[in-house]
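S.K.: Following this line is structure_35.cif, made up of mmCIF, C-alpha atoms:
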```cif
data_query
#
loop_
_atom_site.label_atom_id
_atom_site.label_comp_id
_atom_site.auth_asym_id
_atom_site.auth_seq_id
_atom_site.Cartn_x
_atom_site.Cartn_y
_atom_site.Cartn_z
CA MET R 1 136.53 19.46 32.93
CA ALA R 2 138.53 17.53 30.36
CA PHE R 3 141.78 19.00 31.58
CA THR R 4 143.87 15.89 31.90
CA LEU R 5 147.53 15.25 32.58
CA TYR R 6 147.95 14.39 28.92
CA SER R 7 146.72 17.78 27.78
CA LEU R 8 149.04 19.40 30.31
CA LEU R 9 151.96 17.52 28.75
CA GLN R 10 150.85 18.60 25.29
CA ALA R 11 150.59 22.23 26.40
CA ALA R 12 154.01 22.08 28.03
CA LEU R 13 155.55 20.63 24.86
CA LEU R 14 153.97 23.37 22.76
CA CYS R 15 155.16 26.09 25.15
CA VAL R 16 158.73 24.80 25.14
CA ASN R 17 158.62 24.61 21.36
CA ALA R 18 157.42 28.22 21.28
CA ILE R 19 160.34 29.35 23.41
CA ALA R 20 162.77 27.37 21.30
CA VAL R 21 161.76 29.02 18.02
CA LEU R 22 162.47 32.56 19.21
CA HIS R 23 165.33 33.51 17.00
CA GLU R 24 168.21 35.24 18.69
CA GLU R 25 169.32 37.67 15.99
CA ARG R 26 166.18 38.36 14.05
CA PHE R 27 163.78 38.81 16.90
CA LEU R 28 165.16 38.99 20.40
CA LYS R 29 167.74 41.61 19.61
CA ASN R 30 165.16 43.77 17.89
CA ILE R 31 162.95 43.94 20.96
CA GLY R 32 165.87 44.40 23.27
CA TRP R 33 165.79 40.94 24.79
CA GLY R 34 169.09 39.71 23.38
CA THR R 35 171.41 37.87 25.70
CA ASP R 36 174.19 40.42 25.46
CA GLN R 37 171.88 43.31 26.23
CA GLY R 38 170.64 42.08 29.52
CA ILE R 39 173.58 42.15 31.85
CA GLY R 40 173.25 45.26 33.92
CA GLY R 41 175.82 46.07 36.53
CA PHE R 42 176.57 43.76 39.42
CA GLY R 43 173.56 44.93 41.37
CA GLU R 44 172.07 42.66 43.97
CA GLU R 45 168.69 42.33 42.29
CA PRO R 46 168.69 40.91 38.76
CA GLY R 47 165.17 42.13 38.05
CA ILE R 48 162.35 40.31 36.33
CA LYS R 49 163.34 41.16 32.74
CA SER R 50 166.87 39.84 33.01
CA GLN R 51 165.59 36.72 34.79
CA LEU R 52 163.19 36.14 31.91
CA MET R 53 165.96 36.61 29.36
CA ASN R 54 168.17 34.21 31.26
CA LEU R 55 165.34 31.72 31.38
CA ILE R 56 164.71 31.97 27.63
CA ARG R 57 168.37 31.58 26.84
CA SER R 58 168.83 28.59 29.13
CA VAL R 59 165.67 26.87 27.85
CA ARG R 60 166.88 27.32 24.28
CA THR R 61 170.31 25.96 25.05
CA VAL R 62 169.30 23.04 27.22
CA MET R 63 166.18 21.85 25.44
CA ARG R 64 167.51 21.96 21.88
CA VAL R 65 168.39 18.28 21.56
CA PRO R 66 165.72 16.76 23.83
CA LEU R 67 163.09 18.73 21.93
CA ILE R 68 164.13 17.07 18.68
CA ILE R 69 163.63 13.68 20.25
CA VAL R 70 160.36 14.49 21.99
CA ASN R 71 158.93 16.20 18.92
CA SER R 72 159.75 13.21 16.72
CA ILE R 73 158.05 10.88 19.19
CA ALA R 74 155.01 13.16 19.32
CA ILE R 75 154.80 13.32 15.52
CA VAL R 76 154.98 9.54 15.20
CA LEU R 77 152.38 9.01 17.94
CA LEU R 78 150.00 11.56 16.46
CA LEU R 79 150.37 10.02 13.01
CA LEU R 80 149.64 6.57 14.34
CA PHE R 81 146.90 7.34 16.83
CA GLY R 82 145.42 10.63 15.71
CA ARG W 1 166.54 -0.37 69.40
CA GLY W 2 166.27 2.20 66.68
CA HIS W 3 168.84 3.12 64.10
CA GLU W 4 169.92 6.52 62.85
CA ILE W 5 168.77 7.56 59.44
CA GLU W 6 171.98 8.71 57.80
CA ASP W 7 171.09 11.22 55.18
CA PRO W 8 173.46 14.17 54.99
CA GLU W 9 171.92 15.21 51.69
CA PHE W 10 168.58 15.56 53.37
CA ARG W 11 170.09 17.98 55.81
CA GLY W 12 171.55 19.94 52.95
CA VAL W 13 168.15 20.40 51.32
CA HIS W 14 166.77 22.34 54.21
CA SER W 15 169.76 24.25 55.43
CA ALA W 16 170.82 25.69 52.07
CA GLY W 17 169.69 29.25 51.50
CA MET W 18 168.30 29.86 54.94
CA PRO W 19 168.11 33.51 55.88
CA ALA W 20 170.37 34.47 58.71
CA SER W 21 167.64 35.75 60.95
CA LYS W 22 165.80 32.44 61.25
CA ARG W 23 164.99 31.64 64.82
CA ARG W 24 166.47 28.43 66.04
CA ILE W 25 164.59 27.23 69.05
CA PRO W 26 166.43 24.45 70.86
CA VAL W 27 163.72 21.90 71.36
CA SER W 28 163.96 19.56 74.29
CA GLN W 29 160.96 17.34 74.36
CA PRO W 30 160.90 14.17 76.38
CA GLY W 31 159.40 12.14 73.55
CA MET W 32 162.23 12.85 71.07
CA ALA W 33 165.06 10.49 71.79
CA ASP W 34 166.89 10.89 68.51
CA PRO W 35 166.53 13.98 66.28
CA HIS W 36 167.08 12.11 63.04
CA GLN W 37 164.85 9.19 63.78
CA LEU W 38 161.55 9.82 62.09
CA PHE W 39 159.76 6.59 62.96
CA ASP W 40 159.83 4.22 65.91
CA ASP W 41 161.69 1.13 64.81
CA THR W 42 159.51 -1.88 65.55
CA SER W 43 160.96 -4.08 62.86
CA SER W 44 164.00 -5.73 64.47
CA ALA W 45 162.46 -8.31 66.81
CA GLN W 46 159.61 -9.27 64.50
CA SER W 47 161.51 -9.57 61.25
CA ARG W 48 164.15 -11.77 62.81
CA GLY W 49 161.43 -14.06 64.09
CA TYR W 50 159.65 -14.11 60.73
CA GLY W 51 162.88 -14.65 58.79
CA ALA W 52 163.90 -17.60 60.91
CA GLN W 53 160.44 -19.13 60.61
CA ARG W 54 160.33 -18.68 56.88
CA ALA W 55 163.82 -20.05 56.29
CA ALA W 56 163.18 -23.09 58.44
CA GLY W 57 159.87 -23.69 56.72
CA GLY W 58 161.34 -23.32 53.26
CA LEU W 59 164.28 -25.60 53.82
CA GLY W 60 162.23 -28.09 55.77
CA TYR W 61 159.58 -28.46 53.09
CA PRO W 62 161.52 -30.38 50.41
CA ALA W 63 162.88 -32.82 52.97
CA SER W 64 159.53 -33.56 54.59
CA SER W 65 157.47 -33.91 51.40
CA ALA W 66 157.12 -37.43 50.04
CA SER W 67 156.29 -36.46 46.44
CA PRO W 68 158.77 -36.86 43.53
CA GLN W 69 159.26 -33.13 43.68
CA ALA W 70 161.10 -33.64 46.96
CA ALA W 71 163.68 -35.83 45.25
CA PHE W 72 164.07 -33.22 42.53
CA LEU W 73 164.58 -30.44 45.06
CA ALA W 74 166.96 -32.48 47.23
CA ASP W 75 169.28 -32.88 44.23
CA PRO W 76 172.55 -31.03 45.01
CA VAL W 77 172.58 -29.24 41.66
CA SER W 78 169.17 -27.74 42.16
CA ASN W 79 170.16 -26.82 45.72
CA MET W 80 173.04 -24.89 44.28
CA ALA W 81 170.74 -23.31 41.72
CA MET W 82 168.35 -22.25 44.47
CA ALA W 83 171.19 -20.75 46.48
CA TYR W 84 172.51 -18.94 43.41
CA GLY W 85 169.05 -17.65 42.56
CA SER W 86 168.47 -16.32 46.06
CA SER W 87 171.85 -14.62 46.13
CA LEU W 88 171.07 -13.02 42.76
CA ALA W 89 167.76 -11.77 44.11
CA ALA W 90 169.46 -10.33 47.17
CA HIS W 91 172.03 -8.60 45.01
CA GLY W 92 169.33 -7.16 42.79
CA LYS W 93 167.42 -5.86 45.80
CA GLU W 94 170.59 -4.21 47.08
CA LEU W 95 171.12 -2.53 43.72
CA VAL W 96 167.57 -1.22 43.61
CA ASP W 97 167.80 0.07 47.18
CA LYS W 98 171.03 1.87 46.38
CA ASN W 99 169.77 3.51 43.21
CA ILE W 100 166.15 4.28 44.08
CA ASP W 101 167.27 7.39 45.87
CA ARG W 102 168.42 8.90 42.61
CA PHE W 103 164.99 8.88 41.01
CA ILE W 104 162.60 9.20 43.93
CA PRO W 105 163.97 11.07 46.97
CA VAL W 106 162.81 8.41 49.39
CA THR W 107 164.57 9.72 52.48
CA LYS W 108 163.21 13.20 51.93
CA LEU W 109 159.73 11.83 51.41
CA LYS W 110 159.92 9.89 54.67
CA TYR W 111 160.10 13.16 56.57
CA TYR W 112 156.76 14.25 55.20
CA PHE W 113 154.99 11.09 56.28
CA ALA W 114 156.27 11.04 59.85
CA VAL W 115 152.94 11.96 61.35
CA ASP W 116 150.77 10.67 64.13
CA THR W 117 147.11 10.95 64.99
CA MET W 118 147.47 13.96 67.25
CA TYR W 119 149.30 15.91 64.58
CA VAL W 120 146.68 15.08 61.97
CA GLY W 121 143.90 16.11 64.32
CA LYS W 122 145.57 19.39 65.22
CA LYS W 123 146.46 20.16 61.63
CA LEU W 124 142.94 19.54 60.38
CA GLY W 125 141.65 21.81 63.10
CA LEU W 126 144.18 24.42 62.05
CA LEU W 127 143.10 24.18 58.43
CA VAL W 128 139.50 24.82 59.31
CA PHE W 129 140.06 27.38 62.08
CA PRO W 130 143.43 29.11 61.82
CA TYR W 131 142.41 32.31 63.56
CA LEU W 132 143.52 31.58 67.11
CA HIS W 133 146.89 30.00 66.37
CA GLN W 134 149.71 32.29 67.46
CA ASP W 135 153.08 30.83 66.54
CA TRP W 136 153.48 29.74 62.92
CA GLU W 137 157.25 29.12 62.90
CA VAL W 138 158.53 25.67 62.25
CA GLN W 139 160.79 24.54 65.04
CA TYR W 140 164.30 23.54 64.12
CA GLN W 141 166.67 21.16 65.76
CA GLN W 142 170.32 21.26 64.76
CA ASP W 143 169.59 22.86 61.40
CA THR W 144 166.96 20.40 60.27
CA PRO W 145 163.27 21.10 60.63
CA VAL W 146 161.56 18.94 63.18
CA ALA W 147 159.44 16.05 61.91
CA PRO W 148 155.73 16.86 61.56
CA ARG W 149 154.71 14.71 64.48
CA PHE W 150 156.55 17.04 66.85
CA ASP W 151 155.50 20.39 65.42
CA VAL W 152 152.08 21.25 64.13
CA ASN W 153 153.46 23.94 61.80
CA ALA W 154 155.58 21.59 59.73
CA PRO W 155 154.19 20.65 56.31
CA ASP W 156 153.37 17.02 55.67
CA LEU W 157 152.27 14.99 52.67
CA TYR W 158 149.99 12.59 54.51
CA ILE W 159 147.01 14.93 54.79
CA PRO W 160 147.21 16.16 51.17
CA ALA W 161 147.55 12.62 49.82
CA MET W 162 144.68 11.25 51.87
CA ALA W 163 142.55 14.32 51.15
CA PHE W 164 143.16 13.96 47.43
CA ILE W 165 142.08 10.32 47.40
CA THR W 166 139.06 11.14 49.56
CA TYR W 167 138.17 13.96 47.17
CA ILE W 168 138.16 11.54 44.24
CA LEU W 169 135.93 9.13 46.16
CA VAL W 170 133.56 11.88 47.30
CA ALA W 171 133.39 13.16 43.71
CA GLY W 172 132.41 9.66 42.61
CA LEU W 173 129.76 9.58 45.34
CA ALA W 174 128.39 12.98 44.32
CA LEU W 175 128.23 11.96 40.67
CA GLY W 176 126.55 8.73 41.67
CA THR W 177 123.76 10.48 43.54
CA GLN W 178 123.04 12.47 40.40
CA ASP W 179 123.06 9.40 38.14
CA ARG W 180 126.01 10.77 36.23
CA PHE W 181 128.53 8.22 37.42
CA SER W 182 130.69 6.01 35.23
CA PRO W 183 134.03 4.47 36.25
CA ASP W 184 136.15 6.37 33.77
CA LEU W 185 134.84 9.63 35.19
CA LEU W 186 136.73 8.85 38.40
CA GLY W 187 139.96 8.60 36.47
CA LEU W 188 139.12 11.81 34.67
CA GLN W 189 138.50 13.65 37.96
CA ALA W 190 141.77 12.38 39.39
CA SER W 191 143.74 13.28 36.31
CA SER W 192 142.16 16.69 36.12
CA ALA W 193 142.85 17.55 39.76
CA LEU W 194 146.43 16.34 39.44
CA ALA W 195 146.92 18.41 36.30
CA TRP W 196 145.65 21.57 38.02
CA LEU W 197 147.96 20.87 40.95
CA ALA W 198 150.94 20.41 38.66
CA LEU W 199 150.07 23.61 36.84
CA GLU W 200 149.82 25.51 40.11
CA VAL W 201 153.16 24.21 41.32
CA LEU W 202 154.84 25.13 38.02
CA ALA W 203 153.30 28.60 38.03
CA ILE W 204 154.42 29.30 41.58
CA LEU W 205 157.92 27.97 40.96
CA LEU W 206 158.18 30.12 37.85
CA SER W 207 157.08 33.25 39.68
CA LEU W 208 159.43 32.51 42.59
CA TYR W 209 162.27 32.20 40.10
CA LEU W 210 161.37 35.40 38.27
CA VAL W 211 161.18 37.48 41.42
CA THR W 212 164.44 35.92 42.71
CA ILE W 213 163.15 35.01 46.09
CA ASN W 214 165.60 32.94 48.09
CA THR W 215 163.48 30.73 50.27
CA ASP W 216 163.94 27.32 51.74
CA LEU W 217 160.55 26.41 50.29
CA THR W 218 161.25 23.15 48.49
CA THR W 219 159.03 21.78 45.74
CA ILE W 220 157.68 19.06 48.02
CA ASP W 221 156.84 21.69 50.65
CA LEU W 222 154.94 23.58 47.99
CA VAL W 223 153.03 20.48 46.92
CA ALA W 224 152.15 19.87 50.56
CA PHE W 225 150.82 23.41 51.07
CA LEU W 226 148.86 23.35 47.85
CA GLY W 227 147.37 19.98 48.75
CA TYR W 228 145.76 21.30 51.92
CA LYS W 229 142.88 22.81 49.98
CA TYR W 230 141.44 19.38 49.27
CA VAL W 231 140.33 19.18 52.89
CA GLY W 232 138.04 22.16 52.46
CA MET W 233 136.80 20.85 49.15
CA ILE W 234 135.77 17.54 50.69
CA GLY W 235 133.90 19.34 53.46
CA GLY W 236 132.08 21.52 50.97
CA VAL W 237 131.02 18.69 48.70
CA LEU W 238 129.84 16.53 51.61
CA MET W 239 127.75 19.37 52.99
CA GLY W 240 126.43 19.97 49.52
CA LEU W 241 125.34 16.36 49.30
CA LEU W 242 123.59 16.54 52.65
CA PHE W 243 122.04 20.00 52.58
CA GLY W 244 121.99 21.07 48.94
CA LYS W 245 123.45 24.20 47.49
CA THR W 246 123.05 26.35 50.62
CA GLY W 247 125.12 23.99 52.74
CA TYR W 248 127.71 23.74 50.00
CA TYR W 249 128.15 27.49 49.67
CA LEU W 250 128.26 28.04 53.42
CA VAL W 251 130.89 25.41 54.16
CA LEU W 252 132.90 26.19 51.04
CA GLY W 253 132.89 29.88 51.87
CA TRP W 254 134.09 29.20 55.39
CA CYS W 255 136.82 26.82 54.19
CA CYS W 256 137.90 29.25 51.49
CA VAL W 257 138.45 32.04 54.00
CA SER W 258 140.25 29.67 56.38
CA ILE W 259 142.58 28.38 53.66
CA PHE W 260 143.24 31.95 52.58
CA VAL W 261 144.30 32.98 56.09
CA PHE W 262 146.23 29.76 56.61
CA MET W 263 148.20 30.15 53.38
CA ILE W 264 148.98 33.79 54.02
CA ARG W 265 150.23 33.15 57.53
CA THR W 266 152.29 30.15 56.46
CA LEU W 267 153.75 31.56 53.25
CA ARG W 268 154.51 34.87 54.90
CA LEU W 269 157.11 33.14 57.01
CA LYS W 270 158.63 31.37 54.06
CA ILE W 271 158.59 34.03 51.36
CA LEU W 272 158.84 37.17 53.43
CA ALA W 273 161.22 35.63 55.91
CA GLU W 274 163.24 38.66 56.93
CA ALA W 275 160.38 41.09 57.22
CA ALA W 276 158.08 38.65 58.97
CA ALA W 277 160.67 37.61 61.51
CA GLU W 278 160.97 41.15 62.78
CA GLY W 279 157.25 41.65 62.76
CA VAL W 280 157.41 45.00 60.94
CA PRO W 281 154.79 45.85 58.32
CA VAL W 282 155.96 45.13 54.82
CA ARG W 283 157.50 48.07 53.01
CA GLY W 284 159.81 48.64 50.05
CA ALA W 285 159.44 47.58 46.45
CA ARG W 286 161.03 44.17 46.87
CA ASN W 287 158.98 43.23 49.86
CA GLN W 288 155.86 44.56 48.21
CA LEU W 289 156.36 42.27 45.25
CA ARG W 290 156.78 39.33 47.59
CA MET W 291 153.64 40.32 49.45
CA TYR W 292 151.69 40.46 46.20
CA LEU W 293 152.99 37.03 45.29
CA THR W 294 151.93 35.59 48.66
CA MET W 295 148.48 37.11 48.33
CA ALA W 296 148.13 35.85 44.75
CA VAL W 297 149.04 32.30 45.80
CA ALA W 298 146.63 32.45 48.72
CA ALA W 299 143.83 33.94 46.61
CA ALA W 300 144.23 31.24 43.97
CA GLN W 301 143.31 28.57 46.52
CA PRO W 302 139.63 29.55 46.96
CA LEU W 303 139.33 29.90 43.20
CA PHE W 304 140.60 26.37 42.64
CA MET W 305 138.44 25.05 45.46
CA TYR W 306 135.34 26.44 43.79
CA TRP W 307 136.42 25.47 40.26
CA LEU W 308 137.09 21.86 41.17
CA THR W 309 133.86 21.27 43.08
CA PHE W 310 131.04 23.38 41.69
CA HIS W 311 130.15 20.88 38.99
CA LEU W 312 129.71 18.17 41.62
CA VAL W 313 126.91 19.84 43.54
CA ARG W 314 123.55 20.39 41.89
#
```
Go through the file and emit its structure as structure tokens.
M.R.:
Amino acid sequence: MAFTLYSLLQAALLCVNAIAVLHEERFLKNIGWGTDQGIGGFGEEPGIKSQLMNLIRSVRTVMRVPLIIVNSIAIVLLLLFG
Amino acid sequence: RGHEIEDPEFRGVHSAGMPASKRRIPVSQPGMADPHQLFDDTSSAQSRGYGAQRAAGGLGYPASSASPQAAFLADPVSNMAMAYGSSLAAHGKELVDKNIDRFIPVTKLKYYFAVDTMYVGKKLGLLVFPYLHQDWEVQYQQDTPVAPRFDVNAPDLYIPAMAFITYILVAGLALGTQDRFSPDLLGLQASSALAWLALEVLAILLSLYLVTINTDLTTIDLVAFLGYKYVGMIGGVLMGLLFGKTGYYLVLGWCCVSIFVFMIRTLRLKILAEAAAEGVPVRGARNQLRMYLTMAVAAAQPLFMYWLTFHLVR
């Protein structure tokens, strides 16, 4: 039962890092999840796949700079306190 | 008398994205004098009395004291300094009051704590025995949902908060009876339960986003609904302490089924708003997905209830 808030934060940081390293051209396009491949017509329902692609693209755009800062802090803290 | 709580942004939170078929029942109850007033204002007479007493006492003290400090305080320069200091403090308090709303939505939170004893009693009864309750719609008044004290269906944060704290204390008690208690374990239990709650909220928000459901289910509403399971957990652990494993399983089983039914009936109105309002059985791919989501959320509650309490009862 050692699931603490701190481990939740760590897991969230790792997940966001994982989303941020998905490369647009080398990977997402090859599995058909590129951002220019998703836009269907102007149907009412976007569908789960296009929502996911939108989510990935927005996370990568928004979290690019904050991730640099948070990762640096995490590296320093882990170096100091193990 | 009371004052109006002016919060147009609060109104906007609940009226944005409402489906067109929502029933709006004009509520005319004798007890509700002002729709936007969440609490009875008892502060005016008392605080004026207290303020006058305190000011008179504070200013009277330096003059009446015979010690050398009195001479120091009666000095005009230090009087000015005191006045300047108090005006600075007042200005700082104003600034904090103005800006606190940006970080913690205080006015929105006030709605969730506008409860009274009768509401708490009825809601607890509903959580344990939801089978006879007929009408699960939240009543609205002029586009804002009615405060919890006037409608037993409205979500509140008082019961989840109190139940969470009681759960931590009961967990400490259970660990103590098994000689496994140490003070940092309490903090660990609290942190663990909070982390699971946060994870649940994030998972549900993510799935609501992916399935593009337009509900008026705010995050705080969701936290309130997910916090209701602590009531059943407390009951189960207490019975387990009194009657051993049999009592624990019986009460926990009963509370699990009740929470399951409660969540389904409440979330059905929020997530499946259009279909539920007409009362037709759910059909169509879109509605089916929403139904699965509702059932998944409701089924996760008993699982969490068992997961968070089974290690407390031996």
S.K.: So what do you get for atom CA of R:Val59 versus atom CA of R:Trp33, distance-wise?
M.R.: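 Interatomic distance, atom CA of R:Val59 to atom CA of R:Trp33: 14.4 Å.
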S.K.: Write out as a list in words the residues lying within 9 Å of stretch 8-15 of chain R, counting only C-alpha atoms and excluding same-chain residues fewer than 3 positions away.
M.R.: Phe3, Thr4, Leu5, Ala18, Ile19, Ala20, Leu67, Val70 and Asn71 of chain R; Ala195, Trp196, Ala198 and Leu199 of chain W
S.K.: Given the point (150.6, 22.7, 64.0) in the coordinates of this file, which residues lie within 10 Å, counting only C-alpha atoms, and how would they look as JSON, numbers by chain?
M.R.: {"W": [118, 119, 120, 121, 122, 123, 124, 125, 126, 127, 130, 133, 135, 136, 137, 138, 148, 149, 150, 151, 152, 153, 154, 155]}
S.K.: Would you mind listing what lies within 8 Å of W:Ile264 as a PyMOL selection string, with all atoms listed in the file counted and same-chain residues fewer than 2 positions away left out?
M.R.: chain W and resi 260-262+266-268+294-295+298
S.K.: Give me, as a VMD selection string, the contact residues of chain W against chain R at a cut-off of 8 Å, counting only C-alpha atoms.
M.R.: chain W and resid 188 to 189 191 to 192 194 to 196 199 209 to 212
S.K.: Which neighbours of R:Asp36 fall inside 12 Å, counting all atoms listed in the file, when residues of the same chain fewer than 6 positions from it are skipped, and could you give them as a PDB file with C-alpha atoms, keeping the file's coordinate frame?
M.R.:
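The resulting file, out17.pdb, is reproduced below:
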```
ATOM      1  CA  GLU R  24     168.210  35.240  18.690  1.00  0.00           C
ATOM      2  CA  GLU R  25     169.320  37.670  15.990  1.00  0.00           C
ATOM      3  CA  LEU R  28     165.160  38.990  20.400  1.00  0.00           C
ATOM      4  CA  LYS R  29     167.740  41.610  19.610  1.00  0.00           C
ATOM      5  CA  SER R  50     166.870  39.840  33.010  1.00  0.00           C
ATOM      6  CA  MET R  53     165.960  36.610  29.360  1.00  0.00           C
ATOM      7  CA  ASN R  54     168.170  34.210  31.260  1.00  0.00           C
ATOM      8  CA  ARG R  57     168.370  31.580  26.840  1.00  0.00           C
TER       9      ARG R  57
END
```
S.K.: Calculate how many Å separate atom CA of W:Gly247 from atom CA of W:Leu226, rounding to one decimal.
M.R.: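 Going from atom CA of W:Gly247 over to atom CA of W:Leu226 covers 24.2 Å.
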S.K.: For this structure, which residues satisfy the selection - the PyMOL selection byres ((chain W and resi 159-168) around 10) - when it is evaluated on the file as given? I want them as number ranges by chain.
M.R.: W: 112-113, 115, 120, 123-124, 155-158, 169-174, 185-191, 193-194, 223-235, 237-238, 308-309
S.K.: Go ahead and dump the residues you just picked, C-alpha atoms, as a PDB file, keeping the file's coordinate frame.
M.R.:
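Done, and the output landed in again-v7.pdb:
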```
ATOM      1  CA  TYR W 112     156.760  14.250  55.200  1.00  0.00           C
ATOM      2  CA  PHE W 113     154.990  11.090  56.280  1.00  0.00           C
ATOM      3  CA  VAL W 115     152.940  11.960  61.350  1.00  0.00           C
ATOM      4  CA  VAL W 120     146.680  15.080  61.970  1.00  0.00           C
ATOM      5  CA  LYS W 123     146.460  20.160  61.630  1.00  0.00           C
ATOM      6  CA  LEU W 124     142.940  19.540  60.380  1.00  0.00           C
ATOM      7  CA  PRO W 155     154.190  20.650  56.310  1.00  0.00           C
ATOM      8  CA  ASP W 156     153.370  17.020  55.670  1.00  0.00           C
ATOM      9  CA  LEU W 157     152.270  14.990  52.670  1.00  0.00           C
ATOM     10  CA  TYR W 158     149.990  12.590  54.510  1.00  0.00           C
ATOM     11  CA  LEU W 169     135.930   9.130  46.160  1.00  0.00           C
ATOM     12  CA  VAL W 170     133.560  11.880  47.300  1.00  0.00           C
ATOM     13  CA  ALA W 171     133.390  13.160  43.710  1.00  0.00           C
ATOM     14  CA  GLY W 172     132.410   9.660  42.610  1.00  0.00           C
ATOM     15  CA  LEU W 173     129.760   9.580  45.340  1.00  0.00           C
ATOM     16  CA  ALA W 174     128.390  12.980  44.320  1.00  0.00           C
ATOM     17  CA  LEU W 185     134.840   9.630  35.190  1.00  0.00           C
ATOM     18  CA  LEU W 186     136.730   8.850  38.400  1.00  0.00           C
ATOM     19  CA  GLY W 187     139.960   8.600  36.470  1.00  0.00           C
ATOM     20  CA  LEU W 188     139.120  11.810  34.670  1.00  0.00           C
ATOM     21  CA  GLN W 189     138.500  13.650  37.960  1.00  0.00           C
ATOM     22  CA  ALA W 190     141.770  12.380  39.390  1.00  0.00           C
ATOM     23  CA  SER W 191     143.740  13.280  36.310  1.00  0.00           C
ATOM     24  CA  ALA W 193     142.850  17.550  39.760  1.00  0.00           C
ATOM     25  CA  LEU W 194     146.430  16.340  39.440  1.00  0.00           C
ATOM     26  CA  VAL W 223     153.030  20.480  46.920  1.00  0.00           C
ATOM     27  CA  ALA W 224     152.150  19.870  50.560  1.00  0.00           C
ATOM     28  CA  PHE W 225     150.820  23.410  51.070  1.00  0.00           C
ATOM     29  CA  LEU W 226     148.860  23.350  47.850  1.00  0.00           C
ATOM     30  CA  GLY W 227     147.370  19.980  48.750  1.00  0.00           C
ATOM     31  CA  TYR W 228     145.760  21.300  51.920  1.00  0.00           C
ATOM     32  CA  LYS W 229     142.880  22.810  49.980  1.00  0.00           C
ATOM     33  CA  TYR W 230     141.440  19.380  49.270  1.00  0.00           C
ATOM     34  CA  VAL W 231     140.330  19.180  52.890  1.00  0.00           C
ATOM     35  CA  GLY W 232     138.040  22.160  52.460  1.00  0.00           C
ATOM     36  CA  MET W 233     136.800  20.850  49.150  1.00  0.00           C
ATOM     37  CA  ILE W 234     135.770  17.540  50.690  1.00  0.00           C
ATOM     38  CA  GLY W 235     133.900  19.340  53.460  1.00  0.00           C
ATOM     39  CA  VAL W 237     131.020  18.690  48.700  1.00  0.00           C
ATOM     40  CA  LEU W 238     129.840  16.530  51.610  1.00  0.00           C
ATOM     41  CA  LEU W 308     137.090  21.860  41.170  1.00  0.00           C
ATOM     42  CA  THR W 309     133.860  21.270  43.080  1.00  0.00           C
TER      43      THR W 309
END
```
S.K.: Mind pulling up the distance from atom CA of W:Val146 to atom CA of W:Asp116?
M.R.: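 If I compute the distance from atom CA of W:Asp116 to atom CA of W:Val146, I get 13.6 Å.
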S.K.: Please list as a PyMOL selection string every residue within 10 Å of W:Leu272, counting only C-alpha atoms and excluding residues in the same chain fewer than 4 positions away.
M.R.: chain W and resi 213-215+267-268+276-277+282+286-291+294
